[in-house]
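S.K.: Contents of start.cif (mmCIF, C-alpha atoms and all ligand atoms):
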```cif
data_target
#
loop_
_atom_site.label_atom_id
_atom_site.label_comp_id
_atom_site.auth_asym_id
_atom_site.auth_seq_id
_atom_site.Cartn_x
_atom_site.Cartn_y
_atom_site.Cartn_z
CA MET A 1 -1.08 -0.03 17.88
CA THR A 2 2.61 -0.89 17.86
CA GLU A 3 3.89 -4.43 17.46
CA ARG A 4 7.33 -5.92 17.12
CA LEU A 5 8.03 -9.11 15.18
CA ARG A 6 11.13 -10.34 16.92
CA ASN A 7 13.96 -12.41 15.49
CA GLY A 8 12.69 -13.06 11.95
CA ARG A 9 14.93 -13.86 8.99
CA LEU A 10 14.69 -11.19 6.30
CA ASP A 11 17.01 -11.31 3.28
CA GLY A 12 19.24 -13.71 5.21
CA ALA A 13 19.69 -11.53 8.34
CA LEU A 14 17.96 -11.89 11.72
CA VAL A 15 15.92 -8.76 12.35
CA ASP A 16 13.20 -7.21 14.47
CA VAL A 17 10.41 -5.61 12.44
CA THR A 18 8.47 -2.89 14.23
CA ILE A 19 5.00 -2.01 13.00
CA SER A 20 2.87 0.96 13.97
CA ASP A 21 -0.59 1.77 12.59
CA GLY A 22 -0.15 -0.58 9.64
CA VAL A 23 3.26 0.81 8.61
CA ILE A 24 6.73 -0.69 9.06
CA VAL A 25 8.51 1.86 11.24
CA GLY A 26 11.69 -0.10 11.94
CA ILE A 27 13.81 -2.96 10.62
CA ASP A 28 16.72 -3.46 13.01
CA PRO A 29 19.22 -6.19 13.86
CA ALA A 30 17.52 -8.74 16.15
CA ASP A 31 17.44 -7.73 19.81
CA ALA A 32 19.37 -4.49 19.10
CA ILE A 33 16.70 -2.11 20.42
CA PRO A 34 14.87 -2.77 23.70
CA ALA A 35 11.10 -2.91 23.34
CA PRO A 36 9.24 -0.16 25.20
CA ALA A 37 6.92 -1.35 27.98
CA GLY A 38 3.51 -2.36 26.68
CA MET A 39 4.61 -3.12 23.10
CA THR A 40 3.12 -6.31 21.68
CA ILE A 41 5.91 -8.77 20.89
CA THR A 42 5.56 -11.70 18.49
CA TYR A 43 8.48 -14.13 18.55
CA LEU A 44 9.40 -15.52 15.12
CA ASP A 45 12.27 -17.77 16.31
CA GLY A 46 14.28 -17.29 13.13
CA ARG A 47 11.45 -18.02 10.70
CA VAL A 48 11.54 -16.44 7.25
CA VAL A 49 9.79 -13.12 6.66
CA MET A 50 8.83 -12.38 3.05
CA PRO A 51 6.58 -9.97 1.18
CA PRO A 52 3.18 -11.49 0.31
CA THR A 53 3.25 -13.97 -2.56
CA VAL A 54 1.51 -13.08 -5.83
CA ASN A 55 -0.83 -15.50 -7.57
CA GLY A 56 -0.54 -14.02 -11.06
CA HIS A 57 -2.86 -16.49 -12.77
CA ALA A 58 -5.95 -17.97 -11.18
CA HIS A 59 -9.50 -18.89 -12.23
CA LEU A 60 -11.66 -18.10 -9.20
CA ASP A 61 -14.83 -18.40 -11.30
CA LYS A 62 -14.15 -22.01 -12.32
CA THR A 63 -13.27 -23.69 -9.04
CA PHE A 64 -15.26 -26.39 -7.25
CA TRP A 65 -13.53 -25.36 -3.97
CA GLY A 66 -16.07 -25.67 -1.18
CA SER A 67 -18.16 -28.14 -3.21
CA PRO A 68 -18.11 -31.92 -2.70
CA TRP A 69 -15.25 -33.71 -4.46
CA ARG A 70 -15.96 -34.24 -8.15
CA ALA A 71 -14.24 -36.97 -10.18
CA HIS A 72 -12.24 -35.52 -13.07
CA ARG A 73 -13.67 -36.01 -16.56
CA PRO A 74 -10.74 -36.19 -18.98
CA GLY A 75 -10.61 -34.46 -22.38
CA ARG A 76 -8.14 -35.19 -25.17
CA SER A 77 -7.98 -31.65 -26.57
CA VAL A 78 -8.55 -28.06 -25.45
CA HIS A 79 -11.75 -28.05 -27.53
CA GLU A 80 -13.04 -31.21 -25.81
CA ARG A 81 -12.21 -29.87 -22.36
CA ILE A 82 -14.02 -26.59 -23.08
CA ALA A 83 -17.09 -28.65 -24.04
CA HIS A 84 -16.79 -30.75 -20.84
CA GLU A 85 -16.52 -27.63 -18.73
CA ARG A 86 -19.72 -26.24 -20.19
CA ALA A 87 -21.56 -29.50 -19.44
CA ILE A 88 -20.17 -29.77 -15.89
CA ARG A 89 -21.06 -26.16 -15.15
CA ALA A 90 -24.68 -26.86 -15.92
CA GLU A 91 -24.64 -29.66 -13.27
CA GLU A 92 -22.91 -27.69 -10.49
CA SER A 93 -25.22 -27.10 -7.53
CA VAL A 94 -23.18 -24.71 -5.35
CA PRO A 95 -23.34 -21.13 -6.72
CA GLN A 96 -20.17 -19.50 -8.00
CA LEU A 97 -19.79 -16.73 -5.44
CA PRO A 98 -19.38 -18.95 -2.33
CA ARG A 99 -16.80 -21.07 -4.18
CA ALA A 100 -14.83 -18.05 -5.43
CA LEU A 101 -14.96 -16.50 -1.96
CA ALA A 102 -13.81 -19.70 -0.24
CA LEU A 103 -10.85 -20.08 -2.56
CA GLY A 104 -9.89 -16.40 -2.44
CA ARG A 105 -10.00 -16.50 1.34
CA ALA A 106 -7.88 -19.68 1.45
CA MET A 107 -5.31 -17.98 -0.79
CA ALA A 108 -5.17 -14.89 1.44
CA ARG A 109 -4.65 -17.07 4.53
CA ALA A 110 -1.86 -18.92 2.71
CA GLY A 111 0.04 -15.64 2.27
CA VAL A 112 -1.14 -14.47 -1.15
CA GLY A 113 -1.35 -10.68 -1.23
CA ALA A 114 -2.54 -10.25 -4.82
CA ILE A 115 -4.43 -12.43 -7.29
CA ARG A 116 -4.89 -11.97 -11.03
CA THR A 117 -7.90 -14.04 -11.97
CA HIS A 118 -9.10 -14.77 -15.51
CA VAL A 119 -12.89 -14.82 -15.71
CA ASP A 120 -14.64 -16.71 -18.50
CA ILE A 121 -16.63 -14.51 -20.85
CA ASP A 122 -18.62 -16.31 -23.55
CA SER A 123 -22.14 -16.39 -24.95
CA LEU A 124 -23.17 -19.13 -22.51
CA VAL A 125 -21.94 -17.78 -19.16
CA ARG A 126 -22.08 -14.16 -20.36
CA LEU A 127 -21.12 -11.97 -17.36
CA ASP A 128 -22.30 -14.35 -14.61
CA GLY A 129 -18.77 -15.35 -13.59
CA LEU A 130 -17.62 -11.75 -13.66
CA GLU A 131 -20.41 -10.69 -11.34
CA ALA A 132 -19.50 -13.43 -8.86
CA VAL A 133 -15.81 -12.49 -8.93
CA LEU A 134 -16.56 -8.75 -8.63
CA ALA A 135 -18.61 -9.54 -5.51
CA ALA A 136 -15.79 -11.73 -4.16
CA ARG A 137 -13.28 -8.96 -4.81
CA GLU A 138 -15.34 -6.51 -2.82
CA ALA A 139 -15.87 -8.94 0.06
CA LEU A 140 -12.15 -9.78 0.26
CA ALA A 141 -10.83 -6.23 -0.25
CA ASP A 142 -9.28 -6.06 3.23
CA ALA A 143 -7.47 -9.39 2.79
CA VAL A 144 -6.19 -9.54 -0.79
CA GLU A 145 -5.98 -7.41 -3.94
CA ILE A 146 -7.73 -8.94 -6.97
CA GLN A 147 -7.20 -8.07 -10.65
CA ILE A 148 -9.70 -9.41 -13.18
CA VAL A 149 -8.99 -10.42 -16.78
CA ALA A 150 -11.94 -10.68 -19.19
CA PHE A 151 -11.06 -14.10 -20.63
CA PRO A 152 -12.63 -15.40 -23.87
CA GLN A 153 -12.49 -19.10 -22.92
CA SER A 154 -14.28 -20.11 -26.13
CA GLY A 155 -12.34 -17.80 -28.46
CA VAL A 156 -13.25 -14.39 -29.85
CA LEU A 157 -13.98 -15.39 -33.46
CA ALA A 158 -15.69 -18.75 -32.93
CA ASP A 159 -18.15 -17.31 -30.42
CA THR A 160 -20.23 -14.48 -31.88
CA GLY A 161 -21.12 -11.77 -29.42
CA VAL A 162 -18.15 -12.41 -27.14
CA VAL A 163 -16.43 -9.16 -28.12
CA ASP A 164 -19.41 -7.08 -26.97
CA LEU A 165 -19.51 -9.09 -23.74
CA MET A 166 -15.77 -8.53 -23.15
CA GLU A 167 -16.29 -4.83 -23.66
CA ALA A 168 -19.16 -4.90 -21.17
CA ALA A 169 -16.88 -6.77 -18.76
CA ILE A 170 -14.25 -4.04 -18.95
CA THR A 171 -16.79 -1.28 -18.37
CA SER A 172 -18.23 -3.32 -15.46
CA GLY A 173 -14.93 -3.56 -13.61
CA ALA A 174 -12.60 -6.08 -15.29
CA ASP A 175 -9.06 -4.67 -15.36
CA LEU A 176 -7.49 -6.37 -18.38
CA VAL A 177 -8.38 -7.87 -21.75
CA GLY A 178 -7.64 -11.58 -22.16
CA GLY A 179 -6.99 -13.76 -25.17
CA LEU A 180 -6.62 -17.45 -26.00
CA ASP A 181 -4.49 -19.24 -28.58
CA PRO A 182 -5.10 -16.99 -31.61
CA VAL A 183 -4.09 -19.88 -33.89
CA GLY A 184 -4.94 -22.95 -31.79
CA ILE A 185 -8.49 -21.87 -30.95
CA ASP A 186 -9.46 -19.18 -33.45
CA SER A 187 -7.22 -20.27 -36.38
CA ASP A 188 -6.57 -16.63 -37.30
CA MET A 189 -3.74 -14.90 -35.47
CA SER A 190 -4.22 -11.46 -37.00
CA ALA A 191 -7.98 -11.29 -36.57
CA HIS A 192 -7.81 -12.48 -32.94
CA LEU A 193 -5.01 -10.09 -31.98
CA ASP A 194 -6.63 -7.19 -33.89
CA ILE A 195 -9.76 -7.55 -31.77
CA ILE A 196 -8.17 -7.88 -28.35
CA PHE A 197 -5.52 -5.19 -28.90
CA ARG A 198 -8.18 -2.79 -30.24
CA LEU A 199 -10.26 -3.45 -27.13
CA ALA A 200 -7.26 -2.81 -24.85
CA GLU A 201 -6.41 0.39 -26.71
CA LYS A 202 -9.99 1.69 -26.62
CA HIS A 203 -10.22 1.23 -22.84
CA GLY A 204 -6.60 1.99 -21.95
CA VAL A 205 -6.07 -1.35 -20.19
CA GLY A 206 -3.42 -4.07 -20.33
CA LEU A 207 -3.65 -7.59 -21.76
CA ASP A 208 -2.94 -11.08 -20.43
CA ILE A 209 -3.14 -13.74 -23.13
CA HIS A 210 -3.35 -17.53 -22.61
CA LEU A 211 -0.99 -19.15 -25.12
CA HIS A 212 -0.74 -22.95 -25.19
CA ASP A 213 0.36 -23.14 -28.84
CA THR A 214 3.76 -24.84 -29.02
CA GLY A 215 6.81 -24.93 -31.30
CA HIS A 216 7.79 -22.31 -33.85
CA PRO A 217 4.18 -21.34 -34.66
CA GLY A 218 3.76 -20.52 -30.95
CA LEU A 219 7.00 -18.48 -30.95
CA LYS A 220 5.67 -16.56 -33.95
CA GLU A 221 2.53 -15.67 -31.98
CA ILE A 222 4.65 -14.49 -29.03
CA GLU A 223 6.70 -12.26 -31.34
CA GLU A 224 3.55 -10.83 -32.94
CA ILE A 225 2.14 -10.01 -29.48
CA CYS A 226 5.41 -8.19 -28.72
CA VAL A 227 5.29 -6.19 -31.97
CA ARG A 228 1.73 -5.10 -31.22
CA THR A 229 2.61 -4.26 -27.60
CA ILE A 230 5.35 -1.90 -28.75
CA ALA A 231 3.06 -0.37 -31.40
CA LEU A 232 0.46 0.29 -28.70
CA GLY A 233 3.05 1.72 -26.30
CA ALA A 234 1.88 -0.84 -23.76
CA GLN A 235 5.30 -2.05 -22.58
CA GLY A 236 5.00 -3.35 -19.02
CA ARG A 237 1.22 -3.87 -19.29
CA VAL A 238 1.06 -7.07 -21.37
CA ALA A 239 1.59 -10.64 -20.20
CA ILE A 240 1.58 -14.02 -21.89
CA SER A 241 0.34 -16.86 -19.72
CA HIS A 242 1.81 -20.36 -20.12
CA ALA A 243 3.83 -19.55 -23.27
CA PHE A 244 4.41 -23.30 -23.78
CA ALA A 245 6.22 -22.52 -27.04
CA LEU A 246 9.20 -21.19 -25.07
CA GLY A 247 9.55 -24.52 -23.28
CA SER A 248 8.86 -26.73 -26.28
CA VAL A 249 12.00 -25.90 -28.28
CA PRO A 250 15.72 -25.97 -27.36
CA ILE A 251 16.85 -22.82 -25.50
CA SER A 252 18.98 -21.78 -28.47
CA GLU A 253 15.83 -21.58 -30.60
CA MET A 254 13.87 -19.43 -28.15
CA GLN A 255 16.69 -17.00 -27.37
CA SER A 256 15.75 -14.41 -30.00
CA THR A 257 12.09 -14.57 -28.87
CA ALA A 258 13.26 -13.95 -25.29
CA ASP A 259 15.12 -10.84 -26.44
CA ILE A 260 11.97 -9.56 -28.18
CA LEU A 261 9.89 -10.22 -25.04
CA ALA A 262 12.39 -8.19 -22.99
CA GLU A 263 12.40 -5.32 -25.48
CA ALA A 264 8.59 -5.24 -25.54
CA GLY A 265 8.29 -5.45 -21.74
CA VAL A 266 5.97 -8.44 -22.10
CA SER A 267 6.04 -10.67 -19.03
CA VAL A 268 5.65 -14.45 -18.98
CA MET A 269 3.56 -16.47 -16.51
CA THR A 270 4.28 -20.15 -15.88
CA ASN A 271 3.05 -22.55 -13.21
CA GLY A 272 5.62 -25.22 -14.07
CA PRO A 273 3.71 -27.68 -16.26
CA VAL A 274 5.21 -31.07 -17.10
CA GLY A 275 7.21 -30.96 -20.33
CA THR A 276 6.51 -27.38 -21.46
CA THR A 277 7.81 -25.18 -18.62
CA PRO A 278 9.54 -22.16 -20.21
CA PRO A 279 13.26 -21.91 -19.30
CA VAL A 280 12.91 -19.33 -16.54
CA ARG A 281 16.64 -18.84 -16.00
CA ALA A 282 17.25 -18.03 -19.67
CA LEU A 283 14.23 -15.73 -19.78
CA ARG A 284 15.35 -13.79 -16.71
CA ALA A 285 18.90 -13.59 -18.06
CA ALA A 286 17.44 -11.99 -21.20
CA GLY A 287 15.63 -9.42 -19.03
CA VAL A 288 12.11 -10.88 -19.19
CA THR A 289 9.83 -10.54 -16.15
CA VAL A 290 8.72 -14.05 -15.18
CA PHE A 291 5.86 -14.59 -12.74
CA THR A 292 3.79 -17.51 -11.57
CA GLY A 293 0.27 -18.47 -10.58
CA SER A 294 -1.82 -21.44 -9.58
CA ASP A 295 -3.89 -21.60 -12.76
CA GLY A 296 -7.16 -23.47 -12.17
CA ILE A 297 -7.57 -25.16 -8.79
CA ARG A 298 -9.87 -28.17 -8.50
CA ASP A 299 -12.01 -27.42 -11.54
CA ALA A 300 -13.12 -29.03 -14.80
CA TRP A 301 -9.55 -28.74 -16.13
CA SER A 302 -7.72 -30.34 -13.24
CA PRO A 303 -8.40 -32.01 -9.89
CA TYR A 304 -5.10 -30.61 -8.53
CA GLY A 305 -4.08 -27.29 -7.07
CA SER A 306 -3.36 -25.55 -3.79
CA PRO A 307 -4.22 -22.05 -2.58
CA SER A 308 -0.61 -21.76 -1.37
CA MET A 309 1.83 -20.15 -3.77
CA THR A 310 4.76 -21.92 -2.11
CA ALA A 311 3.22 -25.17 -3.43
CA VAL A 312 3.09 -23.68 -6.93
CA ALA A 313 6.66 -22.39 -6.54
CA ARG A 314 7.89 -25.86 -5.54
CA GLN A 315 6.31 -27.33 -8.67
CA LEU A 316 7.92 -24.66 -10.84
CA SER A 317 11.31 -25.34 -9.21
CA TYR A 318 10.92 -29.08 -9.62
CA GLN A 319 9.91 -28.86 -13.29
CA SER A 320 12.83 -26.47 -13.87
CA GLU A 321 15.16 -29.07 -12.30
CA PHE A 322 16.34 -26.55 -9.72
CA TYR A 323 18.21 -28.00 -6.75
CA GLU A 324 20.60 -25.29 -5.54
CA ASP A 325 19.65 -22.54 -3.10
CA ILE A 326 20.43 -19.83 -5.64
CA ASP A 327 17.87 -21.30 -8.07
CA LEU A 328 15.25 -21.85 -5.37
CA GLU A 329 15.76 -18.20 -4.39
CA THR A 330 15.17 -17.22 -8.01
CA VAL A 331 11.80 -18.97 -7.88
CA ALA A 332 11.01 -17.16 -4.62
CA ASP A 333 11.71 -13.88 -6.42
CA ILE A 334 9.46 -14.95 -9.32
CA THR A 335 6.70 -15.78 -6.80
CA THR A 336 6.94 -12.39 -5.06
CA GLN A 337 8.66 -9.49 -6.87
CA GLY A 338 8.15 -11.01 -10.35
CA GLY A 339 4.41 -11.10 -9.75
CA ALA A 340 4.39 -7.60 -8.28
CA THR A 341 6.19 -6.25 -11.37
CA ALA A 342 3.96 -8.09 -13.85
CA LEU A 343 0.79 -7.00 -12.05
CA GLY A 344 2.04 -3.45 -11.57
CA LEU A 345 1.49 -3.57 -7.79
CA ARG A 346 2.23 -0.33 -5.98
CA ASP A 347 3.99 -0.06 -2.64
CA TYR A 348 5.22 -3.65 -2.75
CA GLY A 349 8.09 -5.00 -0.66
CA ILE A 350 9.25 -4.94 2.94
CA ARG A 351 10.91 -1.64 3.84
CA ARG A 352 10.86 1.05 6.50
CA GLY A 353 8.00 3.41 5.77
CA GLY A 354 6.17 0.83 3.64
CA PRO A 355 2.88 -0.89 4.45
CA ALA A 356 3.13 -3.76 6.93
CA ASP A 357 2.22 -6.40 4.34
CA LEU A 358 4.27 -9.52 5.04
CA VAL A 359 4.20 -13.26 5.56
CA VAL A 360 6.09 -15.42 8.05
CA PHE A 361 6.76 -18.88 6.67
CA GLU A 362 7.52 -22.09 8.60
CA ALA A 363 11.10 -22.34 7.34
CA SER A 364 14.56 -21.05 8.25
CA THR A 365 15.70 -19.94 4.77
CA VAL A 366 14.05 -18.70 1.56
CA ALA A 367 15.27 -21.81 -0.31
CA GLU A 368 13.58 -23.98 2.31
CA VAL A 369 10.32 -22.01 1.89
CA ILE A 370 10.25 -23.05 -1.78
CA ALA A 371 11.64 -26.60 -1.57
CA SER A 372 9.32 -27.54 1.31
CA ALA A 373 6.28 -25.57 0.05
CA ALA A 374 6.28 -24.02 3.52
CA PRO A 375 2.96 -23.05 5.11
CA ALA A 376 2.38 -19.47 6.26
CA ASN A 377 2.45 -19.04 10.06
CA LEU A 378 1.47 -15.40 10.09
CA VAL A 379 0.02 -13.17 7.37
CA LEU A 380 -0.18 -9.42 7.89
CA ARG A 381 -1.92 -6.92 5.62
CA ALA A 382 -1.50 -3.29 6.68
CA GLY A 383 -0.39 -4.65 10.04
CA ARG A 384 -3.58 -6.66 10.63
CA ARG A 385 -3.72 -10.45 10.78
CA VAL A 386 -5.38 -12.01 7.75
ZN ZN A 401 -5.54 -20.16 -17.18
#
```
Go ahead and render the structure in this file as structure tokens.
M.R.:
Amino acid sequence: MTERLRNGRLDGALVDVTISDGVIVGIDPADAIPAPAGMTITYLDGRVVMPPTVNGHAHLDKTFWGSPWRAHRPGRSVHERIAHERAIRAEESVPQLPRALALGRAMARAGVGAIRTHVDIDSLVRLDGLEAVLAAREALADAVEIQIVAFPQSGVLADTGVVDLMEAAITSGADLVGGLDPVGIDSDMSAHLDIIFRLAEKHGVGLDIHLHDTGHPGLKEIEEICVRTIALGAQGRVAISHAFALGSVPISEMQSTADILAEAGVSVMTNGPVGTTPPVRALRAAGVTVFTGSDGIRDAWSPYGSPSMTAVARQLSYQSEFYEDIDLETVADITTQGGATALGLRDYGIRRGGPADLVVFEASTVAEVIASAAPANLVLRAGRRV
């Protein structure tokens, strides 16, 4: 089947995109080439065409999406919130798989082409969450690509047996090894990093480490992760999620850490939290890959969240105090290409000969897509409507 998307705005220019059998076969100036008789025409009226967005940090196993609204139970510390989550989980009546599926599907419809989801692995939930997310991944394979991180939500030292469970998770289909605040949760940076890096090395997989620790101790942890990444030869396959430390000190004090991140090819994920958003402009200027993700959506950690990555991108822009088009466009790049680079996605981007994976947003410029958190009008994956 051949289809033409007529008069869309791609990289600032008005174009016609022609698709045949799931592949982009033409990108031409709008109305330059007459459509052959019988070709399906979809009129975009100048709306923005972008590659699919990338949700580089989600928690599909934790969400209450699809369940009745649940009042948030606050916690004063990470430890207290972990304890709350365990208690709330025991009360939840809707099984995990329908919730993970509902949220994954909502993300795909909102224009997300790839999701990296961290799945809790601890001695209480064991591999239950992983099994639900593996099933969701299979069910949604035609709509969205899903990467799974084996995430030790309760630490790797404090929770005996979690290392064996993480290993089982990797052999069962998880793609990356996770980690969590080596100092803040496990109080032993070397022991925590020894374990997770050894696991990644043994199975030849990458790492994505949650790091909420702030200030200079947090920077020290980031630098140690970079040193170990280089030693492992894993440049380009390691990410640090949140990296609050980078946003908790003046830019002049994080500059040398940014240079080390760039040298080690370690990417940084931020969803634009209040007060601790890493300085994305300075990081990108240093050569660091920055990407973004929703983090948890409507779960024990937060009642907030949207399946749309343009909503996340707007929050990141707002917290970064970005107002000019050039900065909003930077966040659009972080939300698309930045995620694709960090996740190692193949065949990403809109080009002739590439897969017809694209999103049409209800906006007339890329800056407007971000500032307005534009909804997706049309989502194509291999030329088919999602
Ligand atoms: Zn997270």
S.K.: Excluding Ala139 of chain A and any residue of its chain fewer than 3 positions from it, enumerate the residues within 12 Å of it, using only C-alpha atoms, and give them as an mmCIF file with C-alpha atoms, in the frame of the given file.
M.R.:
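This went into result-v7.cif:
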```
data_model
loop_
_atom_site.group_PDB
_atom_site.id
_atom_site.type_symbol
_atom_site.label_atom_id
_atom_site.label_comp_id
_atom_site.auth_asym_id
_atom_site.auth_seq_id
_atom_site.Cartn_x
_atom_site.Cartn_y
_atom_site.Cartn_z
ATOM 1 C CA LEU A 97 -19.790 -16.730 -5.440
ATOM 2 C CA PRO A 98 -19.380 -18.950 -2.330
ATOM 3 C CA ALA A 100 -14.830 -18.050 -5.430
ATOM 4 C CA LEU A 101 -14.960 -16.500 -1.960
ATOM 5 C CA ALA A 102 -13.810 -19.700 -0.240
ATOM 6 C CA GLY A 104 -9.890 -16.400 -2.440
ATOM 7 C CA ARG A 105 -10.000 -16.500 1.340
ATOM 8 C CA ALA A 132 -19.500 -13.430 -8.860
ATOM 9 C CA VAL A 133 -15.810 -12.490 -8.930
ATOM 10 C CA LEU A 134 -16.560 -8.750 -8.630
ATOM 11 C CA ALA A 135 -18.610 -9.540 -5.510
ATOM 12 C CA ALA A 136 -15.790 -11.730 -4.160
ATOM 13 C CA ASP A 142 -9.280 -6.060 3.230
ATOM 14 C CA ALA A 143 -7.470 -9.390 2.790
ATOM 15 C CA VAL A 144 -6.190 -9.540 -0.790
ATOM 16 C CA GLU A 145 -5.980 -7.410 -3.940
ATOM 17 C CA ILE A 146 -7.730 -8.940 -6.970
#
```
S.K.: Rounded to one decimal in Å, what is the spacing between atom CA of Val379 of chain A and atom ZN of ligand ZN 401 (chain A)?
M.R.: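 Taking atom CA of Val379 of chain A and atom ZN of ligand ZN 401 (chain A), their separation equals 26.1 Å.
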S.K.: For chain A against ligand ZN 401 (chain A), with a cut-off of 12 Å and counting all atoms listed in the file, what is the closest atom pair and its distance in Å to one decimal for every residue that makes the cut, ordered by chain and number, as CSV?
M.R.:
```
residue,atom,partner,partner_atom,distance
A:Asn55,CA,A:ZN401,ZN,11.7
A:Gly56,CA,A:ZN401,ZN,10.0
A:His57,CA,A:ZN401,ZN,6.3
A:Ala58,CA,A:ZN401,ZN,6.4
A:His59,CA,A:ZN401,ZN,6.5
A:Leu60,CA,A:ZN401,ZN,10.3
A:Asp61,CA,A:ZN401,ZN,11.1
A:Lys62,CA,A:ZN401,ZN,10.1
A:Thr63,CA,A:ZN401,ZN,11.8
A:Val78,CA,A:ZN401,ZN,11.8
A:Arg116,CA,A:ZN401,ZN,10.3
A:Thr117,CA,A:ZN401,ZN,8.4
A:His118,CA,A:ZN401,ZN,6.7
A:Val119,CA,A:ZN401,ZN,9.2
A:Asp120,CA,A:ZN401,ZN,9.8
A:Val149,CA,A:ZN401,ZN,10.3
A:Ala150,CA,A:ZN401,ZN,11.6
A:Phe151,CA,A:ZN401,ZN,8.9
A:Pro152,CA,A:ZN401,ZN,10.8
A:Gln153,CA,A:ZN401,ZN,9.1
A:Gly178,CA,A:ZN401,ZN,10.1
A:Gly179,CA,A:ZN401,ZN,10.3
A:Leu180,CA,A:ZN401,ZN,9.3
A:Asp181,CA,A:ZN401,ZN,11.5
A:Asp208,CA,A:ZN401,ZN,10.0
A:Ile209,CA,A:ZN401,ZN,9.1
A:His210,CA,A:ZN401,ZN,6.4
A:Leu211,CA,A:ZN401,ZN,9.2
A:His212,CA,A:ZN401,ZN,9.7
A:Ile240,CA,A:ZN401,ZN,10.5
A:Ser241,CA,A:ZN401,ZN,7.2
A:His242,CA,A:ZN401,ZN,7.9
A:Ala243,CA,A:ZN401,ZN,11.2
A:Met269,CA,A:ZN401,ZN,9.8
A:Thr270,CA,A:ZN401,ZN,9.9
A:Asn271,CA,A:ZN401,ZN,9.8
A:Pro273,CA,A:ZN401,ZN,12.0
A:Thr292,CA,A:ZN401,ZN,11.2
A:Gly293,CA,A:ZN401,ZN,9.0
A:Ser294,CA,A:ZN401,ZN,8.6
A:Asp295,CA,A:ZN401,ZN,4.9
A:Gly296,CA,A:ZN401,ZN,6.2
A:Ile297,CA,A:ZN401,ZN,10.0
A:Asp299,CA,A:ZN401,ZN,11.2
A:Ala300,CA,A:ZN401,ZN,11.9
A:Trp301,CA,A:ZN401,ZN,9.5
A:Ser302,CA,A:ZN401,ZN,11.1
```
S.K.: Would you mind listing what lies within 12 Å of Asp45 of chain A as a PyMOL selection string, with only C-alpha atoms counted and same-chain residues fewer than 4 positions away left out?
M.R.: chain A and resi 5-9+14-16+30-31+41+49+360-364+377
S.K.: Would you compute the distance between atom CA of Asp175 of chain A and atom CA of Ile230 of chain A? Give it in Å to one decimal.
M.R.: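 If I compute the distance from atom CA of Asp175 of chain A to atom CA of Ile230 of chain A, I get 19.9 Å.
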S.K.: Let me make sure I understand: among A:Ile370, A:Arg126, A:Val48, A:Arg137, which one has the smallest atom-to-atom distance to Ala168 of chain A if we use only C-alpha atoms?
M.R.: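 Residue with the minimum atom-to-atom distance to Ala168 of chain A: A:Arg126.
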S.K.: Quote the spacing between atom CA of Gly22 of chain A and atom CA of Arg109 of chain A in Å to one decimal place.
M.R.: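 Separation between atom CA of Gly22 of chain A and atom CA of Arg109 of chain A: 17.8 Å.
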S.K.: Point out the residue among A:Pro375, A:Gly233, A:Gly204, A:Pro278 with the least atom-to-atom distance to Ile251 of chain A, counting only C-alpha atoms.
M.R.: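 Selected residue with least distance to Ile251 of chain A: A:Pro278.
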S.K.: Work out where the centre of an axis-aligned box around every listed atom of segment 10-18 of chain A lies and how long its edges are once 3 Å is added on each side; give both in Å to one decimal as JSON.
M.R.:
```
{"center_x": 14.1, "center_y": -8.3, "center_z": 8.9, "size_x": 17.2, "size_y": 16.8, "size_z": 17.2}
```
S.K.: When you count only C-alpha atoms, which of these residues is closest to Ala141 of chain A: A:Ile88, A:Ala114, A:Val156, A:Met166?
M.R.: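 Between A:Ile88, A:Ala114, A:Val156, A:Met166, the residue approaching Ala141 of chain A most closely is A:Ala114.
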S.K.: Could you list as a ChimeraX atom specification every residue that has an atom within 7 Å of (13.3, -11.1, -23.1), using the file's coordinates and counting all atoms listed in the file?
M.R.: /A:257-263,283,286-288
S.K.: Write out as a list in words each polymer residue whose atoms come within 10 Å of Leu199 of chain A, counting all atoms listed in the file; drop sequence neighbours fewer than 2 positions from it.
M.R.: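 Counting only the stated atoms, we get Val163, Asp164, Met166, Glu167, Ile170, Leu176, Val177, Gly178, Leu193, Asp194, Ile195, Ile196, Phe197, Glu201, Lys202, His203, Gly204, Val205, Gly206 and Leu207 of chain A.
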S.K.: Nearest to Thr276 of chain A: which of A:Val227, A:Leu316, A:Leu140, A:Met309 is it, counting only C-alpha atoms?
M.R.: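 Smallest separation from Thr276 of chain A among the options: A:Leu316.
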S.K.: Write out N, CA and C atoms for segment 261-266 of chain A, as an mmCIF file, keeping the file's coordinate frame.
M.R.:
```
data_model
loop_
_atom_site.group_PDB
_atom_site.id
_atom_site.type_symbol
_atom_site.label_atom_id
_atom_site.label_comp_id
_atom_site.auth_asym_id
_atom_site.auth_seq_id
_atom_site.Cartn_x
_atom_site.Cartn_y
_atom_site.Cartn_z
ATOM 1 N N LEU A 261 10.764 -10.369 -26.220
ATOM 2 C CA LEU A 261 9.890 -10.220 -25.040
ATOM 3 C C LEU A 261 10.443 -9.140 -24.102
ATOM 4 N N ALA A 262 11.770 -9.172 -23.893
ATOM 5 C CA ALA A 262 12.390 -8.190 -22.990
ATOM 6 C C ALA A 262 12.240 -6.785 -23.558
ATOM 7 N N GLU A 263 12.477 -6.645 -24.849
ATOM 8 C CA GLU A 263 12.400 -5.320 -25.480
ATOM 9 C C GLU A 263 10.966 -4.778 -25.395
ATOM 10 N N ALA A 264 9.991 -5.670 -25.541
ATOM 11 C CA ALA A 264 8.590 -5.240 -25.540
ATOM 12 C C ALA A 264 8.019 -5.104 -24.123
ATOM 13 N N GLY A 265 8.812 -5.507 -23.106
ATOM 14 C CA GLY A 265 8.290 -5.450 -21.740
ATOM 15 C C GLY A 265 7.093 -6.343 -21.536
ATOM 16 N N VAL A 266 7.070 -7.475 -22.245
ATOM 17 C CA VAL A 266 5.970 -8.440 -22.100
ATOM 18 C C VAL A 266 6.417 -9.515 -21.110
#
```
